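Encoded as C-alpha cells, the structure appears first; notes follow it.
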Amino acid sequence: MRSVARWALAALLLAAGASHLTWGRRGYRIVVPDWAADLLRTDKDTIVVASGVVELMLGGALVALPAEQRRVGWVVAAFFVAVFPGNVHQWRTRRPAPMLRTDRARFIRLLLQPPLVAWALWSTAGRADSGR
C-alpha cells in the first residue's frame with residue numbers, strides 16, 4: 001500500500017512540476033508572495049520555474065532512489081511546508097491561479113496541505129534503515 005501511495009505521490013509531483021514549467025507557469029506567479037521574491041532577490045517567474053524543477057526532481061527521486069525513500073519523503077514533506085505560505089497568500093488575496101479560481105477551491109487547497117505532508121511521510125516510511 002505504501003508503495004502505491006509513494007508512486008502516486010511521485011506522479012502528482014511530476015505532473016505539478018510539469019505544469020509549473022508549461023501551461024500553468026504564468027498563472028502560478030500569482031501564488032508567489034511579493035515578500036518571497038524580495039527575500040530571494042529574484043522575480044516570481046524564477047520562483048515558479050525553480051519550484052517546478054524541484055517538484056520534478058522530488059517526483060523522480062521517489063521513483064529512482066528507493067534506498068533513500070525515507071530521506072526523500074522528509075524532503076518532500078519539507079517542500080510542502082515551504083510552499084504553504086504561497087497557498088495562504090493566494091487564498092488571502094483571492095487571486096485565481098490554474099485550477100484554483102474560486103475562494104472555495106483555494107480554501108480546500110489550504111486544507112489539503114497537511115494531508116500532503118502526512119502522505120509524503122507515510123508513503124516513504126517503509127525503508128527505515130533496515131540494512132544498517
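Going by the C-alpha cells order, chains are called A, B, ..., each with residues numbered from 1, while ligands are numbered from 1 in the order shown.
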
Item checked: Selection: 12 Å around Val72 in chain A, only C-alpha atoms, excl. self and same-chain fewer than 5 positions, as an MDAnalysis selection string -> chainID A and resid 6 9:10 54:55 57:67 77:79 120:127

Notebook entry, point to check: Quick one: residues within 9 Å of range 94-100 of chain A, only C-alpha atoms counted, chain neighbours fewer than 6 positions away excluded, as a ChimeraX atom specification?
Noted result: /A:23-31,106,109

Near Gly17 in chain A, within 7 Å and counting only C-alpha atoms, which residues show up once chain neighbours fewer than 6 positions away are dropped, as a short mmCIF file (atom, residue, chain, number, x, y, z; two decimals) with N, CA, C and O atoms, in the first residue's frame?
data_model
loop_
_atom_site.label_atom_id
_atom_site.label_comp_id
_atom_site.auth_asym_id
_atom_site.auth_seq_id
_atom_site.Cartn_x
_atom_site.Cartn_y
_atom_site.Cartn_z
N GLY A 52 8.97 24.26 -9.90
CA GLY A 52 8.64 23.20 -10.84
C GLY A 52 9.78 22.21 -11.01
O GLY A 52 9.58 20.99 -11.04
N VAL A 53 10.99 22.73 -11.10
CA VAL A 53 12.17 21.86 -11.23
C VAL A 53 12.31 21.00 -9.96
O VAL A 53 12.58 19.80 -10.04
N GLU A 55 9.93 20.08 -7.92
CA GLU A 55 8.88 19.06 -7.95
C GLU A 55 9.25 17.91 -8.87
O GLU A 55 9.04 16.73 -8.52
N LEU A 56 9.80 18.21 -10.03
CA LEU A 56 10.23 17.15 -10.95
C LEU A 56 11.34 16.31 -10.32
O LEU A 56 11.33 15.07 -10.42
#

Next item on the list: Give me every helix (DSSP H, G or I) residue in chain A, going by DSSP on the backbone, as JSON, numbers by chain.
Entry: {"A": [2, 3, 4, 5, 6, 7, 8, 9, 10, 11, 12, 13, 14, 15, 16, 17, 18, 19, 20, 21, 25, 26, 27, 28, 29, 30, 31, 34, 35, 36, 37, 38, 39, 40, 44, 45, 46, 47, 48, 49, 50, 51, 52, 53, 54, 55, 56, 57, 58, 59, 60, 61, 62, 63, 64, 66, 67, 68, 69, 70, 71, 72, 73, 74, 75, 76, 77, 78, 79, 80, 81, 82, 83, 84, 85, 86, 87, 88, 89, 90, 91, 92, 93, 103, 104, 105, 106, 107, 108, 109, 110, 111, 112, 113, 114, 115, 116, 117, 118, 119, 120, 121, 122, 123]}

Next item on the list: Excluding Lys44 in chain A and any residue of its chain fewer than 3 positions from it, enumerate the residues within 8 Å of it, using only C-alpha atoms, and give them as a PyMOL selection string.
Entry: chain A and resi 29+32+34+37+47-48

Notebook entry, point to check: Can you tell me how far CA of Asp43 in chain A sits from CA of Arg104 in chain A, in Å to one decimal?
Noted result: 28.1 Å

Which residues come within 12 Å of Phe107 in chain A, counting only C-alpha atoms, excluding same-chain residues fewer than 4 positions away, as an mmCIF file with C-alpha atoms, in the first residue's frame?
data_model
loop_
_atom_site.group_PDB
_atom_site.id
_atom_site.type_symbol
_atom_site.label_atom_id
_atom_site.label_comp_id
_atom_site.auth_asym_id
_atom_site.auth_seq_id
_atom_site.Cartn_x
_atom_site.Cartn_y
_atom_site.Cartn_z
ATOM 1 C CA PHE A 84 2.363 26.675 2.151
ATOM 2 C CA ASN A 87 -1.052 28.975 -0.801
ATOM 3 C CA VAL A 88 -2.056 31.181 2.135
ATOM 4 C CA HIS A 89 -1.113 34.281 0.138
ATOM 5 C CA GLN A 90 -3.245 33.163 -2.780
ATOM 6 C CA TRP A 91 -6.225 32.425 -0.517
ATOM 7 C CA ARG A 92 -5.924 35.753 1.322
ATOM 8 C CA THR A 93 -5.562 37.824 -1.842
ATOM 9 C CA ARG A 94 -8.372 35.851 -3.547
ATOM 10 C CA ARG A 95 -6.400 35.713 -6.789
ATOM 11 C CA PRO A 96 -7.123 32.922 -9.259
ATOM 12 C CA LEU A 100 -7.898 27.471 -8.170
ATOM 13 C CA ARG A 101 -10.364 30.009 -9.489
ATOM 14 C CA THR A 102 -12.803 30.169 -6.546
ATOM 15 C CA ASP A 103 -12.444 31.008 -2.857
ATOM 16 C CA LEU A 111 -6.782 22.113 3.914
ATOM 17 C CA LEU A 112 -5.014 19.626 1.637
ATOM 18 C CA GLN A 113 -1.525 20.747 2.636
#

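Reported to one decimal place, the separation of CA of Phe80 in chain A from CA of Trp35 in chain A is 18.3 Å.
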